[in-house]
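Structure file input-v5.cif (mmCIF, C-alpha atoms and all ligand atoms) follows.
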data_input
loop_
_atom_site.label_atom_id
_atom_site.label_comp_id
_atom_site.auth_asym_id
_atom_site.auth_seq_id
_atom_site.Cartn_x
_atom_site.Cartn_y
_atom_site.Cartn_z
CA MET T 1 25.89 -12.15 -0.84
CA SER T 2 23.87 -9.03 -1.28
CA THR T 3 22.70 -8.31 -4.79
CA VAL T 4 22.11 -4.64 -4.01
CA GLN T 5 24.03 -2.29 -6.30
CA ALA T 6 24.67 0.92 -4.38
CA SER T 7 27.12 3.77 -4.94
CA ALA T 8 29.26 5.42 -2.30
CA PRO T 9 27.42 8.20 -0.43
CA HIS T 10 27.21 11.40 -2.47
CA PRO T 11 29.89 13.81 -1.16
CA HIS T 12 27.43 16.70 -0.83
CA THR T 13 24.06 15.13 0.17
CA GLY T 14 25.27 11.91 1.83
CA TYR T 15 22.78 9.70 -0.02
CA LYS T 16 23.70 6.62 -2.04
CA SER T 17 22.41 6.00 -5.56
CA PHE T 18 21.14 2.59 -6.61
CA GLU T 19 20.94 0.52 -9.77
CA LEU T 20 18.46 -2.23 -10.40
CA GLY T 21 18.78 -3.87 -13.81
CA ALA T 22 18.77 -0.98 -16.29
CA PHE T 23 16.96 1.35 -13.87
CA SER T 24 18.79 3.84 -11.72
CA PHE T 25 17.55 5.69 -8.65
CA SER T 26 19.09 8.73 -6.99
CA ARG T 27 17.84 11.33 -4.54
CA ASP T 28 18.74 14.87 -3.63
CA GLU T 29 17.37 17.11 -0.86
CA TYR T 30 13.81 17.20 -2.29
CA PHE T 31 13.47 14.81 -5.21
CA VAL T 32 14.05 11.31 -6.48
CA THR T 33 15.26 10.81 -10.05
CA ILE T 34 14.51 7.51 -11.75
CA SER T 35 16.03 6.73 -15.14
CA TRP T 36 15.66 3.95 -17.69
CA PRO T 37 16.72 3.16 -21.24
CA ALA T 38 14.24 4.14 -23.96
CA ARG T 39 14.91 3.76 -27.66
CA GLU T 40 18.51 4.88 -28.11
CA ALA T 41 18.42 7.31 -25.20
CA LYS T 42 17.99 7.39 -21.45
CA LEU T 43 14.81 8.89 -20.02
CA SER T 44 14.37 10.14 -16.50
CA HIS T 45 11.49 11.03 -14.21
CA THR T 46 11.23 13.12 -11.04
CA MET T 47 9.14 12.43 -7.93
CA PRO T 48 9.00 14.32 -4.60
CA VAL T 49 11.06 12.26 -2.13
CA ASP T 50 8.31 12.08 0.52
CA ALA T 51 5.79 10.66 -1.98
CA PHE T 52 8.38 8.23 -3.29
CA LEU T 53 9.35 6.88 0.14
CA LYS T 54 5.73 6.46 1.26
CA ALA T 55 4.98 4.42 -1.87
CA LEU T 56 8.20 2.43 -1.50
CA MET T 57 7.31 1.68 2.14
CA ARG T 58 3.98 0.14 1.05
CA ASP T 59 5.56 -1.94 -1.72
CA VAL T 60 8.15 -3.32 0.74
CA SER T 61 5.83 -4.00 3.66
CA TRP T 62 3.03 -5.46 1.53
CA GLY T 63 5.35 -7.74 -0.46
CA PHE T 64 4.30 -5.94 -3.71
CA PHE T 65 0.58 -6.31 -2.83
CA TYR T 66 -2.10 -7.50 -5.26
CA GLY T 67 -1.38 -6.56 -8.86
CA TRP T 68 -0.08 -3.09 -9.63
CA VAL T 69 1.46 -0.57 -7.23
CA ASN T 70 1.76 2.70 -9.16
CA PHE T 71 4.03 5.16 -7.33
CA ASP T 72 2.57 7.84 -9.63
CA ALA T 73 1.36 7.98 -13.24
CA VAL T 74 4.75 6.77 -14.55
CA LEU T 75 6.60 4.48 -12.14
CA GLY T 76 5.35 1.28 -10.54
CA THR T 77 5.53 -2.45 -9.89
CA ARG T 78 3.38 -5.37 -10.99
CA ASN T 79 3.34 -8.42 -8.75
CA ARG T 80 3.80 -11.67 -10.67
CA TYR T 81 3.83 -13.64 -7.40
CA GLY T 82 7.41 -14.97 -7.42
CA SER T 83 8.77 -12.22 -9.61
CA VAL T 84 7.99 -8.52 -9.93
CA GLU T 85 7.87 -6.27 -13.00
CA LEU T 86 9.29 -2.80 -12.45
CA TYR T 87 8.01 -0.36 -15.07
CA ALA T 88 8.32 3.24 -16.17
CA GLY T 89 5.66 4.63 -18.50
CA ARG T 90 4.17 1.22 -19.30
CA TYR T 91 0.68 2.15 -18.08
CA ASN T 92 0.79 5.73 -19.32
CA ASP T 93 -0.24 6.33 -22.95
CA GLY T 94 2.08 9.32 -23.34
CA TYR T 95 5.08 7.03 -22.90
CA HIS T 96 3.70 3.68 -24.01
CA ASP T 97 2.27 4.83 -27.37
CA TRP T 98 5.64 6.32 -28.32
CA GLY T 99 7.76 3.35 -27.26
CA LEU T 100 9.31 5.32 -24.42
CA ASP T 101 8.26 2.94 -21.67
CA TYR T 102 10.42 0.26 -20.10
CA VAL T 103 9.66 -2.91 -18.11
CA GLU T 104 12.12 -5.25 -16.42
CA THR T 105 11.32 -8.37 -14.41
CA PHE T 106 13.18 -9.27 -11.21
CA GLU T 107 13.04 -12.21 -8.85
CA THR T 108 11.08 -10.97 -5.84
CA PRO T 109 13.93 -11.29 -3.29
CA HIS T 110 16.27 -9.26 -5.54
CA ILE T 111 13.95 -6.27 -6.02
CA LEU T 112 12.84 -6.49 -2.38
CA ASP T 113 16.44 -6.31 -1.11
CA THR T 114 17.15 -3.32 -3.32
CA PHE T 115 13.95 -1.50 -2.33
CA LYS T 116 14.71 -2.14 1.36
CA ALA T 117 18.21 -0.75 0.94
CA VAL T 118 16.88 2.40 -0.77
CA LEU T 119 14.26 2.88 1.94
CA ALA T 120 16.85 2.45 4.70
CA ASP T 121 19.37 4.85 3.15
CA TRP T 122 16.91 7.59 2.16
CA THR T 123 14.71 7.67 5.30
CA ASN T 124 16.14 10.19 7.77
CA ALA T 125 15.72 10.13 11.56
CA GLY T 126 12.32 11.53 12.52
CA PHE T 127 10.50 10.64 9.31
CA ASP T 128 7.92 7.84 9.37
CA PRO T 129 6.64 6.86 5.91
CA PHE T 130 3.55 5.21 7.48
CA ALA T 131 2.51 8.31 9.44
CA ALA T 132 0.08 11.02 8.38
CA PRO T 133 1.87 14.22 7.28
CA ALA T 134 0.64 16.04 10.42
CA GLU T 135 2.12 13.30 12.60
CA THR T 136 5.68 13.11 11.31
CA GLY T 137 8.54 15.51 10.79
CA THR T 138 9.81 17.18 7.64
CA THR T 139 13.24 15.61 8.13
CA VAL T 140 12.58 13.60 4.95
CA PHE T 141 13.95 16.64 3.13
CA GLY T 142 17.51 17.89 3.18
CA LYS T 143 20.84 16.14 3.48
CA LYS T 144 21.24 12.69 4.98
CA ASN T 145 20.62 12.83 8.70
CA GLY T 146 20.51 9.51 10.56
CA ASP T 147 17.92 6.83 9.90
CA ASN T 148 14.63 5.40 11.17
CA ILE T 149 15.07 1.64 10.95
CA ALA T 150 12.40 0.89 13.61
CA ALA T 151 9.73 2.70 11.56
CA ILE T 152 10.59 1.11 8.23
CA GLU T 153 10.88 -2.44 9.54
CA ARG T 154 7.40 -2.41 11.04
CA ASN T 155 5.54 -5.44 9.81
CA ARG T 156 2.02 -5.34 8.51
CA GLU T 157 -0.14 -6.74 11.30
CA THR T 158 -1.84 -9.96 10.36
CA CYS T 159 -3.75 -12.46 12.43
CA ARG T 160 -4.17 -16.21 12.00
CA ARG T 161 -7.92 -16.04 12.62
CA MET T 162 -8.76 -12.95 14.69
CA PRO T 163 -6.84 -10.66 17.06
CA GLY T 164 -7.33 -11.47 20.73
CA LEU T 165 -7.66 -15.25 20.29
CA PRO T 166 -5.11 -17.44 22.10
CA ASN T 167 -1.84 -17.67 20.10
CA ASP T 168 -3.03 -14.99 17.73
CA ALA T 169 -2.34 -11.27 17.16
CA SER T 170 -2.75 -9.08 20.25
CA LEU T 171 -5.46 -6.52 20.77
CA ARG T 172 -4.23 -2.93 20.99
CA SER T 173 -4.02 -1.06 24.29
CA ASP T 174 -2.15 1.71 26.09
CA ASP T 175 -0.08 -1.01 27.74
CA ASN T 176 1.34 -2.46 24.53
CA GLY T 177 2.10 0.89 22.93
CA TYR T 178 -1.12 1.66 21.06
CA PRO T 179 -2.76 4.79 22.55
CA ILE T 180 -5.97 6.16 21.05
CA ASN T 181 -5.20 8.33 18.03
CA ARG T 182 -6.07 12.03 18.35
CA ALA T 183 -8.69 11.70 15.59
CA PHE T 184 -10.61 8.97 17.43
CA ALA T 185 -10.79 10.37 20.97
CA ASP T 186 -14.59 9.89 20.93
CA VAL T 187 -14.52 6.19 20.01
CA ASP T 188 -16.15 3.92 22.59
CA GLN T 189 -13.58 1.62 24.20
CA ASP T 190 -15.86 -1.05 25.71
CA GLU T 191 -15.23 -4.63 24.62
CA PRO T 192 -18.29 -6.73 23.75
CA GLU T 193 -19.68 -9.09 26.37
CA VAL T 194 -19.77 -12.67 25.12
CA GLN T 195 -22.17 -15.14 26.72
CA ALA T 196 -21.43 -18.54 25.24
CA GLU T 197 -23.52 -21.67 25.75
CA PRO T 198 -21.71 -24.07 28.09
CA GLY T 199 -19.22 -26.09 26.06
CA PHE T 200 -18.79 -23.36 23.42
CA GLU T 201 -16.65 -20.97 25.48
CA ASN T 202 -13.60 -21.57 23.27
CA GLU T 203 -15.48 -21.24 20.00
CA VAL T 204 -17.01 -17.80 20.32
CA HIS T 205 -14.97 -14.61 20.08
CA ALA T 206 -15.78 -10.94 19.53
CA ILE T 207 -13.81 -7.70 19.64
CA ASN T 208 -14.58 -4.00 19.42
CA LEU T 209 -13.15 -3.31 15.96
CA PHE T 210 -13.69 0.46 16.35
CA LYS T 211 -11.54 0.38 19.49
CA TYR T 212 -8.91 -1.67 17.66
CA LEU T 213 -8.80 0.80 14.77
CA SER T 214 -8.89 3.88 17.00
CA ARG T 215 -5.48 2.70 18.25
CA SER T 216 -3.79 2.18 14.88
CA ASP T 217 -0.48 4.08 14.71
CA VAL T 218 -0.19 3.91 10.91
CA THR T 219 -2.15 5.19 7.94
CA TRP T 220 -3.03 3.51 4.66
CA ASN T 221 -1.74 0.16 5.91
CA PRO T 222 -4.50 -2.44 6.13
CA SER T 223 -4.03 -5.03 8.89
CA VAL T 224 -5.68 -8.43 8.59
CA THR T 225 -8.26 -8.79 11.38
CA SER T 226 -10.20 -11.85 10.31
CA VAL T 227 -9.27 -14.82 8.19
CA CYS T 228 -11.98 -17.13 6.93
CA ARG T 229 -10.33 -19.41 4.37
CA ASN T 230 -9.49 -16.96 1.52
CA SER T 231 -11.70 -14.16 2.79
CA LEU T 232 -9.60 -11.49 4.50
CA PHE T 233 -10.98 -8.48 6.34
CA CYS T 234 -8.28 -5.80 6.17
CA PRO T 235 -9.46 -2.69 8.01
CA THR T 236 -7.27 0.39 8.09
CA THR T 237 -7.20 4.01 9.20
CA GLU T 238 -6.77 6.61 6.50
CA GLU T 239 -5.54 10.19 6.77
CA HIS T 240 -4.30 12.31 3.84
CA MET T 241 -3.91 10.22 0.67
CA LEU T 242 -3.18 6.63 -0.32
CA PRO T 243 0.51 6.95 -1.27
CA ILE T 244 0.09 4.62 -4.24
CA ILE T 245 -2.38 4.29 -7.09
CA HIS T 246 -3.43 0.68 -6.77
CA GLY T 247 -4.17 -1.29 -9.96
CA ASN T 248 -6.38 -4.22 -9.07
CA ASP T 249 -5.81 -7.80 -10.23
CA ARG T 250 -9.07 -8.91 -8.57
CA VAL T 251 -12.23 -7.30 -7.23
CA GLU T 252 -11.88 -5.55 -3.86
CA TRP T 253 -14.73 -4.42 -1.63
CA PHE T 254 -14.68 -1.29 0.52
CA ILE T 255 -16.93 -0.67 3.52
CA GLN T 256 -16.67 2.86 4.89
CA LEU T 257 -16.76 2.58 8.69
CA SER T 258 -16.36 6.25 9.65
CA ASP T 259 -15.83 9.73 8.18
CA GLN T 260 -15.39 10.22 4.43
CA ILE T 261 -12.98 9.07 1.71
CA THR T 262 -13.03 10.19 -1.93
CA TRP T 263 -11.68 7.72 -4.48
CA GLN T 264 -10.39 8.61 -7.91
CA VAL T 265 -10.83 5.64 -10.17
CA GLY T 266 -9.14 5.28 -13.56
CA ASP T 267 -8.61 2.68 -16.23
CA LYS T 268 -5.92 0.21 -15.11
CA GLU T 269 -4.13 0.15 -18.45
CA THR T 270 -4.19 3.83 -19.45
CA GLY T 271 -5.08 5.76 -16.29
CA ARG T 272 -7.97 7.51 -18.09
CA PRO T 273 -10.53 8.73 -15.52
CA ARG T 274 -13.44 6.35 -14.89
CA ALA T 275 -15.19 7.56 -11.71
CA ARG T 276 -15.02 9.51 -8.51
CA VAL T 277 -16.55 7.66 -5.57
CA ILE T 278 -17.36 9.62 -2.43
CA MET T 279 -17.88 7.20 0.44
CA ASN T 280 -19.68 8.06 3.69
CA PRO T 281 -20.11 5.84 6.77
CA GLY T 282 -22.04 2.69 5.86
CA ASP T 283 -21.35 2.99 2.11
CA VAL T 284 -20.15 -0.16 0.37
CA ALA T 285 -18.32 -0.19 -2.98
CA ALA T 286 -16.87 -2.90 -5.17
CA MET T 287 -13.71 -1.83 -6.97
CA PRO T 288 -13.61 -3.77 -10.27
CA ALA T 289 -10.65 -5.88 -11.37
CA ASP T 290 -9.79 -3.59 -14.32
CA ILE T 291 -9.25 -0.27 -12.58
CA ARG T 292 -6.64 1.71 -10.65
CA HIS T 293 -7.65 3.80 -7.66
CA GLN T 294 -6.36 6.29 -5.12
CA GLY T 295 -8.15 7.47 -1.96
CA PHE T 296 -8.19 10.91 -0.31
CA SER T 297 -9.19 11.34 3.32
CA PRO T 298 -9.28 14.86 4.80
CA LYS T 299 -9.83 13.54 8.34
CA ARG T 300 -8.54 10.19 9.67
CA ALA T 301 -11.21 7.65 8.65
CA MET T 302 -11.85 3.97 9.26
CA LEU T 303 -12.14 1.80 6.16
CA LEU T 304 -12.69 -1.94 5.84
CA VAL T 305 -10.98 -3.41 2.79
CA TRP T 306 -12.24 -6.90 1.98
CA GLU T 307 -9.75 -8.96 -0.01
CA ASN T 308 -10.20 -12.25 -1.82
CA ALA T 309 -6.96 -14.24 -1.49
CA THR T 310 -8.12 -17.18 -3.63
CA PRO T 311 -5.01 -18.41 -5.48
CA GLY T 312 -4.99 -18.00 -9.27
CA LEU T 313 -7.45 -15.09 -9.50
CA PRO T 314 -5.24 -12.78 -11.66
CA ASP T 315 -5.10 -15.36 -14.48
CA ARG T 316 -8.84 -15.94 -14.32
CA TYR T 317 -9.52 -12.23 -14.77
CA ASP T 318 -6.82 -11.87 -17.46
CA SER T 319 -8.26 -14.72 -19.52
CA GLY T 320 -11.79 -13.29 -19.33
CA GLU T 321 -13.09 -16.31 -17.40
CA LEU T 322 -14.20 -13.92 -14.66
CA SER T 323 -15.92 -10.60 -15.34
CA PRO T 324 -14.11 -7.62 -13.81
CA TYR T 325 -17.40 -6.69 -12.13
CA PRO T 326 -18.74 -8.74 -9.21
CA ILE T 327 -22.37 -7.96 -10.04
CA LYS T 328 -24.27 -7.25 -13.25
CA ILE T 329 -26.77 -4.41 -13.08
C1 LIG L 401 -6.35 -0.52 -1.85
O1 LIG L 401 -5.54 -0.48 -2.76
O2 LIG L 401 -7.43 -1.02 -2.08
C2 LIG L 401 -6.00 0.03 -0.54
C3 LIG L 401 -4.70 -0.03 -0.09
C4 LIG L 401 -4.40 0.51 1.16
C5 LIG L 401 -5.39 1.08 1.92
C6 LIG L 401 -6.69 1.12 1.46
C7 LIG L 401 -7.00 0.60 0.23
O3 LIG L 401 -5.08 1.59 3.11
FE FE L 402 -6.97 -1.52 -4.10
#
Can the structure in the file be given as structure tokens, please?
Amino acid sequence: MSTVQASAPHPHTGYKSFELGAFSFSRDEYFVTISWPAREAKLSHTMPVDAFLKALMRDVSWGFFYGWVNFDAVLGTRNRYGSVELYAGRYNDGYHDWGLDYVETFETPHILDTFKAVLADWTNAGFDPFAAPAETGTTVFGKKNGDNIAAIERNRETCRRMPGLPNDASLRSDDNGYPINRAFADVDQDEPEVQAEPGFENEVHAINLFKYLSRSDVTWNPSVTSVCRNSLFCPTTEEHMLPIIHGNDRVEWFIQLSDQITWQVGDKETGRPRARVIMNPGDVAAMPADIRHQGFSPKRAMLLVWENATPGLPDRYDSGELSPYPIKI
């Protein structure tokens, strides 16, 4: 039985409203309204519907990701790996210091089902929450008009070891529906030539990662392209802005592969500004475990995100066993 609590479609706009615990979510032609109980009253918050759906899409397709997914400075989720905390104002001093914030914990399947139902009902035909603004329609606005189930059910691409190996993720080509993106028309498409010693033919593998990325049809959606125990290379192509403000529960490394991305980095707990990092091709940055960050990319760029999937890391940072910085200067 579904645990999703949805209203009948609104008679004027056609959209359903949803309840999740003590939170409620509704949308109109331009905005989403989120409300929650605070002290003896009910507070509410407004987000543009396009920004909300792009953030919701990431939360759903990444399974709540590592740590905190802030939709904006007020609303977000914290992954407890098995359950998820949904919060409003908890990591924003203006709300938190006055007792106006609210946090509720849900079993992961329950919040996931609800978020999927919201995404499905509020995404109109022609709008792709993974696309860059210049590559999708403006049908996200206005009254309910069809749906785009194929776009919102796209899975994050992950490999077992590396794309292109037998029984592993496929490489991208014109033939399987991945043409070169307009921003990467100049990217060399030759695959590397591998000359293995006799007997090692099945143990050596190489791909043209630039070619692979030039054919990505999504933005701000890292795909896993190499798995070495708990070390995951998650390259991605970035145009416009990261639709969430990610709060880290571990250190992440960024390697800028092309073009330029500017990162705004703030304190994880309060959001107070900590740094702006402007990354050019070849630049490497470590994002500490105690920050939140959001990237801005004026032209589609290639970025390698290096994730550490070692189990138990969040507790080791929380307890102070591990420093939030990977290196001491
Ligand atoms: C991140 O939070 O580190 C992140 C998420 C998605 C991206 C890039 C970076 O596309
Ligand atoms: Fe991050």
For the contact check between chain T and ligand FE 402 (chain L), emit one row per residue of chain T within 7 Å, containing the shortest atom pair and the distance in Å rounded to one decimal, counting all atoms listed in the file, chain then rising number order, as a tab-separated table.
residue	atom	partner	partner_atom	distance
T:His246	CA	L:FE402	FE	4.9
T:Gly247	CA	L:FE402	FE	6.5
T:Asn248	CA	L:FE402	FE	5.7
T:Glu252	CA	L:FE402	FE	6.4
T:His293	CA	L:FE402	FE	6.4
Expected file: the selected residues, C-alpha atoms, as a compact mmCIF listing (two decimals), in the frame of the given file:
# COMPACT_ATOMS: atom_id res chain seq x y z
CA HIS T 246 -3.43 0.68 -6.77
CA GLY T 247 -4.17 -1.29 -9.96
CA ASN T 248 -6.38 -4.22 -9.07
CA GLU T 252 -11.88 -5.55 -3.86
CA HIS T 293 -7.65 3.80 -7.66
- Using only C-alpha atoms, the residue out of T:Phe115, T:Phe106, T:Trp68, T:Tyr212 with shortest distance to Glu157 of chain T is T:Tyr212
Which residues of chain T come within 9 Å of ligand LIG 401 (chain L), and what is each one's closest atom pair and distance in Å (one decimal), counting all atoms listed in the file, sorted by chain and residue number, as a tab-separated table?
residue	atom	partner	partner_atom	distance
T:Arg58	CA	L:LIG401	C4	8.4
T:Phe65	CA	L:LIG401	O1	8.5
T:Tyr66	CA	L:LIG401	O1	8.2
T:Val69	CA	L:LIG401	O1	8.3
T:Thr219	CA	L:LIG401	O3	6.7
T:Trp220	CA	L:LIG401	O3	3.2
T:Asn221	CA	L:LIG401	O3	4.6
T:Pro222	CA	L:LIG401	O3	5.1
T:Ser223	CA	L:LIG401	O3	8.9
T:Cys234	CA	L:LIG401	C6	8.5
T:Pro235	CA	L:LIG401	O3	7.8
T:Thr236	CA	L:LIG401	O3	5.6
T:Thr237	CA	L:LIG401	O3	6.9
T:Glu238	CA	L:LIG401	O3	6.3
T:Leu242	CA	L:LIG401	C5	6.4
T:Pro243	CA	L:LIG401	C4	8.5
T:Ile244	CA	L:LIG401	O1	7.7
T:Ile245	CA	L:LIG401	O1	7.2
T:His246	CA	L:LIG401	O1	4.7
T:Gly247	CA	L:LIG401	O1	7.4
T:Asn248	CA	L:LIG401	O1	7.4
T:Glu252	CA	L:LIG401	O2	6.6
T:Trp253	CA	L:LIG401	O2	8.1
T:Phe254	CA	L:LIG401	O2	7.7
T:Met287	CA	L:LIG401	O2	8.0
T:Arg292	CA	L:LIG401	O1	8.3
T:His293	CA	L:LIG401	O1	6.8
T:Gln294	CA	L:LIG401	O1	7.2
T:Gly295	CA	L:LIG401	C7	7.3
T:Leu303	CA	L:LIG401	C6	7.2
T:Leu304	CA	L:LIG401	C6	8.0
T:Val305	CA	L:LIG401	C7	6.2
T:Trp306	CA	L:LIG401	O2	8.6
T:Glu307	CA	L:LIG401	O2	8.5
- Item | Spatial neighbours of Asp113 of chain T, 8 Å, all atoms listed in the file, chain gap at least 5 places, as number ranges by chain | T: 2-4
- Message: Using only C-alpha atoms - which residues lie no farther than 9 Å from the point (7.3, 13.9, -10.5) in the file's frame? Write them as a list in words.
- Response: Phe31, Val32, Thr33, His45, Thr46, Met47, Pro48, Asp72, Ala73 and Val74 of chain T
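Minimum distance to Lys116 of chain T across T:Asp174, T:Asp168, T:Glu153, T:Asp267 (counting all atoms listed in the file) occurs at T:Glu153.
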Can you pull out the residues contacting Tyr317 of chain T? Cut-off 12 Å, using all atoms listed in the file, and skip same-chain residues under 2 positions away; I want them as a short mmCIF file (atom, residue, chain, number, x, y, z; two decimals) with C-alpha atoms, in the frame of the given file.
data_model
loop_
_atom_site.label_atom_id
_atom_site.label_comp_id
_atom_site.auth_asym_id
_atom_site.auth_seq_id
_atom_site.Cartn_x
_atom_site.Cartn_y
_atom_site.Cartn_z
CA GLY T 67 -1.38 -6.56 -8.86
CA ASN T 248 -6.38 -4.22 -9.07
CA ASP T 249 -5.81 -7.80 -10.23
CA ARG T 250 -9.07 -8.91 -8.57
CA VAL T 251 -12.23 -7.30 -7.23
CA PRO T 288 -13.61 -3.77 -10.27
CA ALA T 289 -10.65 -5.88 -11.37
CA ASP T 290 -9.79 -3.59 -14.32
CA GLY T 312 -4.99 -18.00 -9.27
CA LEU T 313 -7.45 -15.09 -9.50
CA PRO T 314 -5.24 -12.78 -11.66
CA ASP T 315 -5.10 -15.36 -14.48
CA SER T 319 -8.26 -14.72 -19.52
CA GLY T 320 -11.79 -13.29 -19.33
CA GLU T 321 -13.09 -16.31 -17.40
CA LEU T 322 -14.20 -13.92 -14.66
CA SER T 323 -15.92 -10.60 -15.34
CA PRO T 324 -14.11 -7.62 -13.81
CA TYR T 325 -17.40 -6.69 -12.13
CA PRO T 326 -18.74 -8.74 -9.21
#
- Message: Just want the 9 Å neighbourhood of segment 14-29 of chain T, counted on only C-alpha atoms, with same-chain residues fewer than 6 positions away dropped. Output as a PyMOL selection string.
- Response: chain T and resi 4-8+35-37+49+86+104-106+110-111+114+117-118+121-122+140-145
- Item | All residues 7 Å or closer to segment 175-180 of chain T, all atoms listed in the file, same chain fewer than 2 positions away omitted, as number ranges by chain | T: 172-173, 182, 184-185, 214-217
- Task: Tell me which protein, DNA and RNA residues are within 8 Å of segment 128-133 of chain T, counting only C-alpha atoms, leaving out same-chain ones fewer than 5 positions away, and put them as a ChimeraX atom specification.
- Result: /T:50,53-54,57,123,148,151-152,217-221,239-240
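Candidate residues T:Ala134, T:Ile278, T:Ala285, T:Ala169 were compared for distance to Ala183 of chain T, and the nearest is T:Ala134, using only C-alpha atoms.
Interatomic distance, atom CA of Asp188 of chain T against atom CA of Val277 of chain T: 28.4 Å.
As for atom CA of Ser170 of chain T and atom CA of Asn155 of chain T, they are spaced 13.8 Å apart.
Counting all atoms listed in the file, the residue from T:Cys159, T:Leu43, T:Leu213, T:Ile329 that sits nearest to Gly99 of chain T is T:Leu43.
Considering only C-alpha atoms, the residue among T:Leu165, T:Ala38, T:Ala150, T:Ala51 positioned nearest to Tyr87 of chain T is T:Ala38.
In this structure, atom CA of Asn79 of chain T sits 13.8 Å away from atom CA of Asp318 of chain T.
Of the listed residues (T:Phe200, T:Trp62, T:Phe233, T:Phe296), T:Phe296 comes nearest to Asp259 of chain T; the distances count only C-alpha atoms.
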